[in-house]
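Structure first, commentary second.
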There are 2 protein chains.
Amino acid sequence: MTTNKKTAFSAEDQELAELAKALAHPARVAILKELAARRSCICGEIVEVLPLAQSTVSQHLKELLKAGLIRGTVEGTKSCYCINQEAFSKFSRMMDEFLSVTIDNKCC
Amino acid sequence: MTTNKKTAFSAEDQELAELAKALAHPARVAILKELAARRSCICGEIVEVLPLAQSTVSQHLKELLKAGLIRGTVEGTKSCYCINQEAFSKFSRMMDEFLSVTIDNKCC
DNA sequence: CATATTTATCGTAATTTTGCGATGAATAAA
DNA sequence: TTTATTCATCGCAAAATTACGATAAATATG
């Protein structure tokens, strides 16, 4: 890749791609499932459950934050993360709208 | 990265990540939107619409095929692709199930 | 048969992602 | 105040992704 072509696409396409990218690693899927399933969501608890080093988990959390799929707050020496349901709703909506346009074609 | 850690996660997490990865590039989002919107879906027509070289589009199509999000058939010298609606349904279902488990936590 | 069209694949280069250990920064605990 | 805990960030290395031109393979056309 010489030049970055991603900006040549529509803002909406880029946004959907960004959201999908945040989901595009099993570690991040697993993190999101953990956050979805528990009330408390301390970083250290996530690290315990995953087969990854603490620094790696921290990076994945950072990416999920960047995409807006989770939110985080600091509490003393601990960090608490949780699902951002609005972002997931938006994601779902974009997927739905995507499919609602689909023509029932028969070529394949 | 020295070793591949992806297989350390559940098959379901890996599967969702694979589907998301296929959506994780604006070019592939744009391709899918084109396929969704038109009856005919010849490769060359997609190439005309996208700001990418033919070989690059072909690669993106290959990835979408691999993930199962589209299907393709050869017709003479042309190739026809279209959305695989079953795969999208599965994707949507996995997303929904994902969210349905979410606890209404308040930590952030 | 010779040529054109269409698309997949190969080879290559640049960039991004992934993963970890080490370290730093901040708060808590002794 | 010293020490421990928790987590983010840095720096590095390996791997994967992205993009393109060139080319091959297959069919269609003259």
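Here, A, B, ... name the chains of the structure tokens in the order displayed, residue numbers run from 1 inside each chain, and ligands are numbered from 1 in the same displayed order.
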Give me, as a ChimeraX atom specification, all polymer residues having an atom no more than 10 Å from region 7-19 of chain C, counting only C-alpha atoms (C1' of nucleotides) and skipping those fewer than 4 positions away in the same chain. /A:1-4,25,52-53,55-57,59-60 /B:1-5,43-44,54-55,58-59,62,74,77-79 /D:13-26
At a cut-off of 6 Å, which residues of chain B touch chain A? Count only C-alpha atoms and give the answer as a list in words.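 The complete set of qualifying residues is Asp13, Gln14, Ala17, Ala20, Lys21, Leu23, Ala24, His25, Pro26, Val29, Ala36, Ala37, Arg39, Gly72, Thr73, Thr102, Ile103, Asn105 and Cys108 of chain B.
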Give me a file of those residues, with N, CA and C atoms, as a CSV table (one decimal), in the first residue's frame.
chain,number,residue,atom,x,y,z
B,13,ASP,N,-16.7,-16.7,19.0
B,13,ASP,CA,-16.0,-15.4,19.0
B,13,ASP,C,-15.1,-15.3,17.8
B,14,GLN,N,-14.5,-16.3,17.4
B,14,GLN,CA,-13.7,-16.3,16.2
B,14,GLN,C,-14.6,-16.0,14.9
B,17,ALA,N,-15.8,-12.5,14.8
B,17,ALA,CA,-14.6,-11.6,14.5
B,17,ALA,C,-14.3,-11.7,13.0
B,20,ALA,N,-17.0,-9.7,11.1
B,20,ALA,CA,-16.7,-8.3,11.3
B,20,ALA,C,-15.5,-7.8,10.5
B,21,LYS,N,-14.5,-8.7,10.4
B,21,LYS,CA,-13.3,-8.3,9.7
B,21,LYS,C,-13.6,-8.1,8.2
B,23,LEU,N,-16.2,-6.8,7.1
B,23,LEU,CA,-16.8,-5.5,7.0
B,23,LEU,C,-15.9,-4.4,7.3
B,24,ALA,N,-14.7,-4.7,7.8
B,24,ALA,CA,-13.8,-3.7,8.4
B,24,ALA,C,-13.0,-2.9,7.4
B,25,HIS,N,-13.5,-2.7,6.2
B,25,HIS,CA,-12.8,-1.8,5.3
B,25,HIS,C,-13.9,-1.1,4.4
B,26,PRO,N,-13.7,0.2,4.3
B,26,PRO,CA,-14.8,1.0,3.6
B,26,PRO,C,-15.0,0.5,2.2
B,29,VAL,N,-17.3,-2.4,2.4
B,29,VAL,CA,-18.7,-1.9,2.7
B,29,VAL,C,-19.3,-1.3,1.5
B,36,ALA,N,-25.9,-4.9,-2.9
B,36,ALA,CA,-27.2,-4.9,-2.4
B,36,ALA,C,-28.2,-4.1,-3.2
B,37,ALA,N,-27.7,-3.1,-3.9
B,37,ALA,CA,-28.5,-2.1,-4.6
B,37,ALA,C,-28.8,-2.4,-6.1
B,39,ARG,N,-29.4,-5.3,-9.4
B,39,ARG,CA,-29.7,-6.7,-9.7
B,39,ARG,C,-28.5,-7.4,-10.4
B,72,GLY,N,-20.4,-16.1,-5.6
B,72,GLY,CA,-20.0,-15.7,-6.9
B,72,GLY,C,-20.1,-16.8,-7.9
B,73,THR,N,-20.4,-16.4,-9.1
B,73,THR,CA,-20.5,-17.4,-10.2
B,73,THR,C,-19.8,-16.8,-11.4
B,102,THR,N,-26.6,-8.3,27.7
B,102,THR,CA,-26.1,-7.1,28.3
B,102,THR,C,-26.8,-6.8,29.6
B,103,ILE,N,-26.1,-6.7,30.7
B,103,ILE,CA,-26.6,-6.2,32.0
B,103,ILE,C,-26.6,-4.7,32.0
B,105,ASN,N,-25.6,-2.2,33.6
B,105,ASN,CA,-24.7,-1.8,34.6
B,105,ASN,C,-24.4,-0.3,34.6
B,108,CYS,N,-20.0,3.2,34.5
B,108,CYS,CA,-19.4,4.2,33.8
B,108,CYS,C,-20.4,5.3,33.4
Can you show chain A as a JSON list (two decimals) with N, CA and C atoms, in the first residue's frame once it has been least-squares superposed onto chain B, using every C-alpha atom paired in order?
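Saved as superposed-v2.json:
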[["chain", "number", "residue", "atom", "x", "y", "z"],
["A", 1, "MET", "N", 4.00, -9.43, 17.16],
["A", 1, "MET", "CA", 3.27, -10.68, 17.43],
["A", 1, "MET", "C", 4.17, -11.87, 17.13],
["A", 2, "THR", "N", 4.37, -12.69, 18.12],
["A", 2, "THR", "CA", 5.20, -13.87, 17.88],
["A", 2, "THR", "C", 4.32, -15.08, 17.59],
["A", 3, "THR", "N", 3.35, -15.31, 18.46],
["A", 3, "THR", "CA", 2.45, -16.45, 18.25],
["A", 3, "THR", "C", 1.04, -15.96, 17.97],
["A", 4, "ASN", "N", 0.31, -16.76, 17.25],
["A", 4, "ASN", "CA", -1.06, -16.41, 16.93],
["A", 4, "ASN", "C", -1.99, -16.82, 18.05],
["A", 5, "LYS", "N", -2.58, -15.84, 18.72],
["A", 5, "LYS", "CA", -3.40, -16.09, 19.88],
["A", 5, "LYS", "C", -4.87, -16.25, 19.54],
["A", 6, "LYS", "N", -5.22, -16.04, 18.29],
["A", 6, "LYS", "CA", -6.63, -16.00, 17.94],
["A", 6, "LYS", "C", -7.34, -17.32, 18.22],
["A", 7, "THR", "N", -6.62, -18.41, 18.05],
["A", 7, "THR", "CA", -7.24, -19.72, 18.27],
["A", 7, "THR", "C", -7.47, -20.02, 19.74],
["A", 8, "ALA", "N", -6.99, -19.14, 20.60],
["A", 8, "ALA", "CA", -7.20, -19.35, 22.03],
["A", 8, "ALA", "C", -8.61, -18.94, 22.45],
["A", 9, "PHE", "N", -9.37, -18.42, 21.53],
["A", 9, "PHE", "CA", -10.73, -17.98, 21.85],
["A", 9, "PHE", "C", -11.77, -18.95, 21.30],
["A", 10, "SER", "N", -12.99, -18.79, 21.77],
["A", 10, "SER", "CA", -14.05, -19.72, 21.38],
["A", 10, "SER", "C", -14.34, -19.62, 19.89],
["A", 11, "ALA", "N", -14.85, -20.73, 19.34],
["A", 11, "ALA", "CA", -15.16, -20.77, 17.92],
["A", 11, "ALA", "C", -16.17, -19.69, 17.56],
["A", 12, "GLU", "N", -17.10, -19.44, 18.45],
["A", 12, "GLU", "CA", -18.12, -18.44, 18.17],
["A", 12, "GLU", "C", -17.52, -17.04, 18.12],
["A", 13, "ASP", "N", -16.63, -16.76, 19.07],
["A", 13, "ASP", "CA", -15.97, -15.46, 19.07],
["A", 13, "ASP", "C", -15.14, -15.28, 17.81],
["A", 14, "GLN", "N", -14.47, -16.35, 17.40],
["A", 14, "GLN", "CA", -13.68, -16.28, 16.18],
["A", 14, "GLN", "C", -14.55, -16.05, 14.96],
["A", 15, "GLU", "N", -15.70, -16.70, 14.95],
["A", 15, "GLU", "CA", -16.59, -16.58, 13.79],
["A", 15, "GLU", "C", -17.13, -15.16, 13.67],
["A", 16, "LEU", "N", -17.55, -14.61, 14.80],
["A", 16, "LEU", "CA", -18.06, -13.23, 14.77],
["A", 16, "LEU", "C", -16.96, -12.28, 14.34],
["A", 17, "ALA", "N", -15.75, -12.50, 14.85],
["A", 17, "ALA", "CA", -14.63, -11.65, 14.48],
["A", 17, "ALA", "C", -14.34, -11.73, 12.99],
["A", 18, "GLU", "N", -14.44, -12.93, 12.43],
["A", 18, "GLU", "CA", -14.20, -13.11, 10.99],
["A", 18, "GLU", "C", -15.22, -12.34, 10.16],
["A", 19, "LEU", "N", -16.47, -12.43, 10.55],
["A", 19, "LEU", "CA", -17.51, -11.70, 9.83],
["A", 19, "LEU", "C", -17.28, -10.21, 9.92],
["A", 20, "ALA", "N", -16.94, -9.75, 11.14],
["A", 20, "ALA", "CA", -16.69, -8.32, 11.33],
["A", 20, "ALA", "C", -15.49, -7.86, 10.50],
["A", 21, "LYS", "N", -14.49, -8.72, 10.44],
["A", 21, "LYS", "CA", -13.28, -8.35, 9.69],
["A", 21, "LYS", "C", -13.60, -8.12, 8.21],
["A", 22, "ALA", "N", -14.51, -8.92, 7.70],
["A", 22, "ALA", "CA", -14.89, -8.76, 6.30],
["A", 22, "ALA", "C", -15.54, -7.41, 6.05],
["A", 23, "LEU", "N", -16.19, -6.87, 7.06],
["A", 23, "LEU", "CA", -16.83, -5.55, 6.97],
["A", 23, "LEU", "C", -15.89, -4.42, 7.33],
["A", 24, "ALA", "N", -14.71, -4.76, 7.78],
["A", 24, "ALA", "CA", -13.84, -3.77, 8.41],
["A", 24, "ALA", "C", -12.99, -2.96, 7.44],
["A", 25, "HIS", "N", -13.49, -2.76, 6.25],
["A", 25, "HIS", "CA", -12.80, -1.87, 5.31],
["A", 25, "HIS", "C", -13.84, -1.17, 4.45],
["A", 26, "PRO", "N", -13.73, 0.17, 4.35],
["A", 26, "PRO", "CA", -14.75, 0.93, 3.61],
["A", 26, "PRO", "C", -14.95, 0.44, 2.18],
["A", 27, "ALA", "N", -13.91, -0.06, 1.56],
["A", 27, "ALA", "CA", -14.06, -0.57, 0.19],
["A", 27, "ALA", "C", -15.01, -1.76, 0.18],
["A", 28, "ARG", "N", -14.90, -2.62, 1.18],
["A", 28, "ARG", "CA", -15.77, -3.79, 1.21],
["A", 28, "ARG", "C", -17.19, -3.41, 1.60],
["A", 29, "VAL", "N", -17.33, -2.41, 2.46],
["A", 29, "VAL", "CA", -18.66, -1.89, 2.76],
["A", 29, "VAL", "C", -19.30, -1.35, 1.48],
["A", 30, "ALA", "N", -18.52, -0.59, 0.72],
["A", 30, "ALA", "CA", -19.03, 0.00, -0.52],
["A", 30, "ALA", "C", -19.40, -1.08, -1.52],
["A", 31, "ILE", "N", -18.57, -2.11, -1.62],
["A", 31, "ILE", "CA", -18.87, -3.22, -2.53],
["A", 31, "ILE", "C", -20.19, -3.88, -2.14],
["A", 32, "LEU", "N", -20.34, -4.15, -0.86],
["A", 32, "LEU", "CA", -21.56, -4.81, -0.39],
["A", 32, "LEU", "C", -22.79, -3.93, -0.65],
["A", 33, "LYS", "N", -22.64, -2.63, -0.48],
["A", 33, "LYS", "CA", -23.76, -1.73, -0.76],
["A", 33, "LYS", "C", -24.13, -1.75, -2.23],
["A", 34, "GLU", "N", -23.12, -1.78, -3.08],
["A", 34, "GLU", "CA", -23.38, -1.87, -4.52],
["A", 34, "GLU", "C", -24.11, -3.16, -4.86],
["A", 35, "LEU", "N", -23.61, -4.25, -4.31],
["A", 35, "LEU", "CA", -24.24, -5.55, -4.59],
["A", 35, "LEU", "C", -25.67, -5.57, -4.07],
["A", 36, "ALA", "N", -25.88, -4.91, -2.93],
["A", 36, "ALA", "CA", -27.23, -4.89, -2.34],
["A", 36, "ALA", "C", -28.19, -4.08, -3.21],
["A", 37, "ALA", "N", -27.66, -3.08, -3.89],
["A", 37, "ALA", "CA", -28.53, -2.11, -4.56],
["A", 37, "ALA", "C", -28.84, -2.45, -6.02],
["A", 38, "ARG", "N", -28.10, -3.35, -6.61],
["A", 38, "ARG", "CA", -28.32, -3.61, -8.05],
["A", 38, "ARG", "C", -28.63, -5.09, -8.30],
["A", 39, "ARG", "N", -29.42, -5.32, -9.34],
["A", 39, "ARG", "CA", -29.74, -6.70, -9.71],
["A", 39, "ARG", "C", -28.54, -7.38, -10.33],
["A", 40, "SER", "N", -28.01, -6.73, -11.34],
["A", 40, "SER", "CA", -26.81, -7.26, -11.96],
["A", 40, "SER", "C", -25.62, -6.92, -11.08],
["A", 41, "CYS", "N", -24.64, -7.80, -11.01],
["A", 41, "CYS", "CA", -23.53, -7.54, -10.11],
["A", 41, "CYS", "C", -22.24, -8.07, -10.70],
["A", 42, "ILE", "N", -21.97, -7.60, -11.92],
["A", 42, "ILE", "CA", -20.76, -8.00, -12.62],
["A", 42, "ILE", "C", -19.56, -7.29, -12.00],
["A", 43, "CYS", "N", -18.49, -8.03, -11.86],
["A", 43, "CYS", "CA", -17.27, -7.50, -11.25],
["A", 43, "CYS", "C", -16.84, -6.17, -11.84],
["A", 44, "GLY", "N", -16.86, -6.09, -13.17],
["A", 44, "GLY", "CA", -16.42, -4.88, -13.85],
["A", 44, "GLY", "C", -17.22, -3.65, -13.48],
["A", 45, "GLU", "N", -18.50, -3.86, -13.21],
["A", 45, "GLU", "CA", -19.34, -2.73, -12.81],
["A", 45, "GLU", "C", -18.93, -2.21, -11.44],
["A", 46, "ILE", "N", -18.57, -3.11, -10.57],
["A", 46, "ILE", "CA", -18.11, -2.72, -9.24],
["A", 46, "ILE", "C", -16.80, -1.94, -9.36],
["A", 47, "VAL", "N", -15.91, -2.45, -10.20],
["A", 47, "VAL", "CA", -14.62, -1.78, -10.40],
["A", 47, "VAL", "C", -14.83, -0.34, -10.88],
["A", 48, "GLU", "N", -15.79, -0.15, -11.79],
["A", 48, "GLU", "CA", -16.06, 1.19, -12.32],
["A", 48, "GLU", "C", -16.47, 2.18, -11.24],
["A", 49, "VAL", "N", -17.20, 1.68, -10.27],
["A", 49, "VAL", "CA", -17.76, 2.55, -9.24],
["A", 49, "VAL", "C", -16.73, 2.87, -8.14],
["A", 50, "LEU", "N", -15.81, 1.98, -7.91],
["A", 50, "LEU", "CA", -14.87, 2.17, -6.81],
["A", 50, "LEU", "C", -13.59, 2.86, -7.25],
["A", 51, "PRO", "N", -12.96, 3.60, -6.33],
["A", 51, "PRO", "CA", -11.71, 4.30, -6.64],
["A", 51, "PRO", "C", -10.49, 3.43, -6.44],
["A", 52, "LEU", "N", -10.58, 2.20, -6.94],
["A", 52, "LEU", "CA", -9.49, 1.25, -6.72],
["A", 52, "LEU", "C", -9.18, 0.51, -8.00],
["A", 53, "ALA", "N", -7.99, -0.02, -8.09],
["A", 53, "ALA", "CA", -7.59, -0.81, -9.25],
["A", 53, "ALA", "C", -8.37, -2.11, -9.30],
["A", 54, "GLN", "N", -8.47, -2.66, -10.50],
["A", 54, "GLN", "CA", -9.23, -3.90, -10.69],
["A", 54, "GLN", "C", -8.69, -5.04, -9.83],
["A", 55, "SER", "N", -7.39, -5.14, -9.73],
["A", 55, "SER", "CA", -6.82, -6.24, -8.96],
["A", 55, "SER", "C", -7.14, -6.09, -7.47],
["A", 56, "THR", "N", -7.19, -4.86, -7.02],
["A", 56, "THR", "CA", -7.50, -4.61, -5.60],
["A", 56, "THR", "C", -8.95, -4.97, -5.31],
["A", 57, "VAL", "N", -9.84, -4.57, -6.20],
["A", 57, "VAL", "CA", -11.25, -4.91, -6.02],
["A", 57, "VAL", "C", -11.42, -6.42, -6.01],
["A", 58, "SER", "N", -10.70, -7.09, -6.89],
["A", 58, "SER", "CA", -10.78, -8.54, -6.97],
["A", 58, "SER", "C", -10.36, -9.18, -5.64],
["A", 59, "GLN", "N", -9.34, -8.62, -5.03],
["A", 59, "GLN", "CA", -8.90, -9.14, -3.73],
["A", 59, "GLN", "C", -9.96, -8.94, -2.65],
["A", 60, "HIS", "N", -10.58, -7.77, -2.65],
["A", 60, "HIS", "CA", -11.63, -7.51, -1.66],
["A", 60, "HIS", "C", -12.80, -8.46, -1.87],
["A", 61, "LEU", "N", -13.14, -8.70, -3.13],
["A", 61, "LEU", "CA", -14.22, -9.66, -3.41],
["A", 61, "LEU", "C", -13.86, -11.05, -2.89],
["A", 62, "LYS", "N", -12.62, -11.40, -3.04],
["A", 62, "LYS", "CA", -12.15, -12.71, -2.57],
["A", 62, "LYS", "C", -12.31, -12.83, -1.06],
["A", 63, "GLU", "N", -12.02, -11.76, -0.36],
["A", 63, "GLU", "CA", -12.15, -11.78, 1.10],
["A", 63, "GLU", "C", -13.62, -11.88, 1.52],
["A", 64, "LEU", "N", -14.46, -11.19, 0.81],
["A", 64, "LEU", "CA", -15.89, -11.25, 1.13],
["A", 64, "LEU", "C", -16.42, -12.66, 0.87],
["A", 65, "LEU", "N", -15.92, -13.28, -0.20],
["A", 65, "LEU", "CA", -16.27, -14.67, -0.49],
["A", 65, "LEU", "C", -15.82, -15.59, 0.64],
["A", 66, "LYS", "N", -14.58, -15.40, 1.06],
["A", 66, "LYS", "CA", -14.00, -16.26, 2.10],
["A", 66, "LYS", "C", -14.83, -16.19, 3.38],
["A", 67, "ALA", "N", -15.29, -15.00, 3.69],
["A", 67, "ALA", "CA", -16.10, -14.81, 4.89],
["A", 67, "ALA", "C", -17.52, -15.31, 4.68],
["A", 68, "GLY", "N", -17.88, -15.56, 3.43],
["A", 68, "GLY", "CA", -19.22, -16.08, 3.14],
["A", 68, "GLY", "C", -20.28, -15.01, 2.99],
["A", 69, "LEU", "N", -19.87, -13.75, 3.00],
["A", 69, "LEU", "CA", -20.86, -12.68, 2.93],
["A", 69, "LEU", "C", -21.41, -12.49, 1.53],
["A", 70, "ILE", "N", -20.70, -12.97, 0.53],
["A", 70, "ILE", "CA", -21.20, -12.92, -0.84],
["A", 70, "ILE", "C", -20.99, -14.28, -1.50],
["A", 71, "ARG", "N", -21.69, -14.46, -2.63],
["A", 71, "ARG", "CA", -21.47, -15.64, -3.46],
["A", 71, "ARG", "C", -21.11, -15.18, -4.85],
["A", 72, "GLY", "N", -20.47, -16.05, -5.61],
["A", 72, "GLY", "CA", -20.06, -15.64, -6.94],
["A", 72, "GLY", "C", -20.16, -16.77, -7.95],
["A", 73, "THR", "N", -20.46, -16.41, -9.20],
["A", 73, "THR", "CA", -20.48, -17.39, -10.28],
["A", 73, "THR", "C", -19.78, -16.79, -11.50],
["A", 74, "VAL", "N", -19.25, -17.68, -12.33],
["A", 74, "VAL", "CA", -18.59, -17.25, -13.55],
["A", 74, "VAL", "C", -19.57, -17.39, -14.71],
["A", 75, "GLU", "N", -19.63, -16.34, -15.54],
["A", 75, "GLU", "CA", -20.50, -16.37, -16.73],
["A", 75, "GLU", "C", -19.70, -15.90, -17.92],
["A", 76, "GLY", "N", -19.16, -16.85, -18.65],
["A", 76, "GLY", "CA", -18.30, -16.47, -19.77],
["A", 76, "GLY", "C", -17.05, -15.83, -19.25],
["A", 77, "THR", "N", -16.72, -14.67, -19.79],
["A", 77, "THR", "CA", -15.53, -13.97, -19.30],
["A", 77, "THR", "C", -15.86, -13.11, -18.09],
["A", 78, "LYS", "N", -17.11, -13.08, -17.71],
["A", 78, "LYS", "CA", -17.50, -12.21, -16.61],
["A", 78, "LYS", "C", -17.73, -12.99, -15.32],
["A", 79, "SER", "N", -17.67, -12.26, -14.21],
["A", 79, "SER", "CA", -17.94, -12.87, -12.91],
["A", 79, "SER", "C", -19.05, -12.09, -12.23],
["A", 80, "CYS", "N", -19.98, -12.84, -11.70],
["A", 80, "CYS", "CA", -21.14, -12.23, -11.06],
["A", 80, "CYS", "C", -21.14, -12.53, -9.58],
["A", 81, "TYR", "N", -21.31, -11.48, -8.79],
["A", 81, "TYR", "CA", -21.32, -11.63, -7.34],
["A", 81, "TYR", "C", -22.63, -11.11, -6.78],
["A", 82, "CYS", "N", -23.06, -11.70, -5.68],
["A", 82, "CYS", "CA", -24.20, -11.10, -4.98],
["A", 82, "CYS", "C", -24.17, -11.41, -3.49],
["A", 83, "ILE", "N", -24.93, -10.62, -2.77],
["A", 83, "ILE", "CA", -25.03, -10.75, -1.32],
["A", 83, "ILE", "C", -25.53, -12.14, -0.92],
["A", 84, "ASN", "N", -24.95, -12.70, 0.11],
["A", 84, "ASN", "CA", -25.46, -13.92, 0.70],
["A", 84, "ASN", "C", -26.30, -13.53, 1.93],
["A", 85, "GLN", "N", -27.58, -13.48, 1.73],
["A", 85, "GLN", "CA", -28.44, -12.97, 2.79],
["A", 85, "GLN", "C", -28.44, -13.83, 4.04],
["A", 86, "GLU", "N", -28.27, -15.14, 3.87],
["A", 86, "GLU", "CA", -28.22, -16.02, 5.03],
["A", 86, "GLU", "C", -27.05, -15.64, 5.95],
["A", 87, "ALA", "N", -25.91, -15.37, 5.33],
["A", 87, "ALA", "CA", -24.74, -15.00, 6.13],
["A", 87, "ALA", "C", -24.99, -13.71, 6.90],
["A", 88, "PHE", "N", -25.65, -12.76, 6.24],
["A", 88, "PHE", "CA", -25.96, -11.51, 6.93],
["A", 88, "PHE", "C", -26.94, -11.74, 8.07],
["A", 89, "SER", "N", -27.89, -12.61, 7.85],
["A", 89, "SER", "CA", -28.83, -12.93, 8.92],
["A", 89, "SER", "C", -28.10, -13.50, 10.12],
["A", 90, "LYS", "N", -27.17, -14.40, 9.84],
["A", 90, "LYS", "CA", -26.40, -14.99, 10.92],
["A", 90, "LYS", "C", -25.61, -13.93, 11.67],
["A", 91, "PHE", "N", -24.99, -13.06, 10.92],
["A", 91, "PHE", "CA", -24.23, -11.95, 11.49],
["A", 91, "PHE", "C", -25.13, -11.13, 12.42],
["A", 92, "SER", "N", -26.29, -10.75, 11.91],
["A", 92, "SER", "CA", -27.25, -9.97, 12.70],
["A", 92, "SER", "C", -27.65, -10.71, 13.97],
["A", 93, "ARG", "N", -27.92, -12.00, 13.81],
["A", 93, "ARG", "CA", -28.33, -12.80, 14.96],
["A", 93, "ARG", "C", -27.26, -12.83, 16.03],
["A", 94, "MET", "N", -26.01, -12.99, 15.60],
["A", 94, "MET", "CA", -24.91, -13.02, 16.56],
["A", 94, "MET", "C", -24.79, -11.68, 17.28],
["A", 95, "MET", "N", -24.97, -10.60, 16.55],
["A", 95, "MET", "CA", -24.93, -9.27, 17.17],
["A", 95, "MET", "C", -26.07, -9.11, 18.18],
["A", 96, "ASP", "N", -27.26, -9.55, 17.79],
["A", 96, "ASP", "CA", -28.41, -9.42, 18.66],
["A", 96, "ASP", "C", -28.23, -10.21, 19.95],
["A", 97, "GLU", "N", -27.83, -11.47, 19.79],
["A", 97, "GLU", "CA", -27.64, -12.34, 20.95],
["A", 97, "GLU", "C", -26.61, -11.73, 21.88],
["A", 98, "PHE", "N", -25.62, -11.18, 21.28],
["A", 98, "PHE", "CA", -24.58, -10.47, 21.99],
["A", 98, "PHE", "C", -25.17, -9.42, 22.91],
["A", 99, "LEU", "N", -26.02, -8.59, 22.35],
["A", 99, "LEU", "CA", -26.59, -7.49, 23.11],
["A", 99, "LEU", "C", -27.66, -7.92, 24.10],
["A", 100, "SER", "N", -28.35, -9.01, 23.77],
["A", 100, "SER", "CA", -29.46, -9.45, 24.62],
["A", 100, "SER", "C", -28.98, -9.88, 26.00],
["A", 101, "VAL", "N", -27.69, -10.19, 26.11],
["A", 101, "VAL", "CA", -27.14, -10.64, 27.38],
["A", 101, "VAL", "C", -26.70, -9.44, 28.24],
["A", 102, "THR", "N", -26.65, -8.29, 27.64],
["A", 102, "THR", "CA", -26.08, -7.13, 28.32],
["A", 102, "THR", "C", -26.84, -6.74, 29.58],
["A", 103, "ILE", "N", -26.07, -6.65, 30.67],
["A", 103, "ILE", "CA", -26.61, -6.20, 31.93],
["A", 103, "ILE", "C", -26.59, -4.67, 31.95],
["A", 104, "ASP", "N", -27.62, -4.11, 32.53],
["A", 104, "ASP", "CA", -27.71, -2.65, 32.58],
["A", 104, "ASP", "C", -26.85, -2.12, 33.72],
["A", 105, "ASN", "N", -25.56, -2.14, 33.53],
["A", 105, "ASN", "CA", -24.68, -1.70, 34.60],
["A", 105, "ASN", "C", -24.44, -0.18, 34.54],
["A", 106, "LYS", "N", -24.01, 0.32, 35.65],
["A", 106, "LYS", "CA", -23.95, 1.79, 35.79],
["A", 106, "LYS", "C", -22.54, 2.29, 36.09],
["A", 107, "CYS", "N", -21.55, 1.47, 35.93],
["A", 107, "CYS", "CA", -20.24, 1.83, 36.45],
["A", 107, "CYS", "C", -19.54, 2.93, 35.65],
["A", 108, "CYS", "N", -20.00, 3.25, 34.48],
["A", 108, "CYS", "CA", -19.34, 4.31, 33.71],
["A", 108, "CYS", "C", -20.33, 5.44, 33.38]]
Give the alpha helix (DSSP H) residues of region 44-98 of chain B, as assigned by DSSP on the backbone, as an NGL selection string. :B and (44-49 or 54-67 or 85-98)
Could you give me, as a list of chain:residue names, each residue of chain B that DSSP assigns to strand (DSSP E or B) when run on this structure's backbone?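 Here is the list: B:Ile42, B:Ile70, B:Arg71, B:Gly72, B:Thr73, B:Val74, B:Glu75, B:Lys78, B:Ser79, B:Cys80, B:Tyr81, B:Cys82, B:Ile83.
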Dump C-alpha atoms for the selected residues as an mmCIF file, in the first residue's frame?
data_model
loop_
_atom_site.group_PDB
_atom_site.id
_atom_site.type_symbol
_atom_site.label_atom_id
_atom_site.label_comp_id
_atom_site.auth_asym_id
_atom_site.auth_seq_id
_atom_site.Cartn_x
_atom_site.Cartn_y
_atom_site.Cartn_z
ATOM 1 C CA ILE B 42 -20.724 -8.039 -12.625
ATOM 2 C CA ILE B 70 -21.183 -12.900 -0.822
ATOM 3 C CA ARG B 71 -21.445 -15.646 -3.410
ATOM 4 C CA GLY B 72 -20.037 -15.665 -6.910
ATOM 5 C CA THR B 73 -20.450 -17.426 -10.214
ATOM 6 C CA VAL B 74 -18.537 -17.297 -13.473
ATOM 7 C CA GLU B 75 -20.438 -16.438 -16.651
ATOM 8 C CA LYS B 78 -17.415 -12.277 -16.543
ATOM 9 C CA SER B 79 -17.897 -12.903 -12.850
ATOM 10 C CA CYS B 80 -21.121 -12.253 -11.034
ATOM 11 C CA TYR B 81 -21.317 -11.655 -7.314
ATOM 12 C CA CYS B 82 -24.198 -11.126 -4.952
ATOM 13 C CA ILE B 83 -25.047 -10.752 -1.294
#
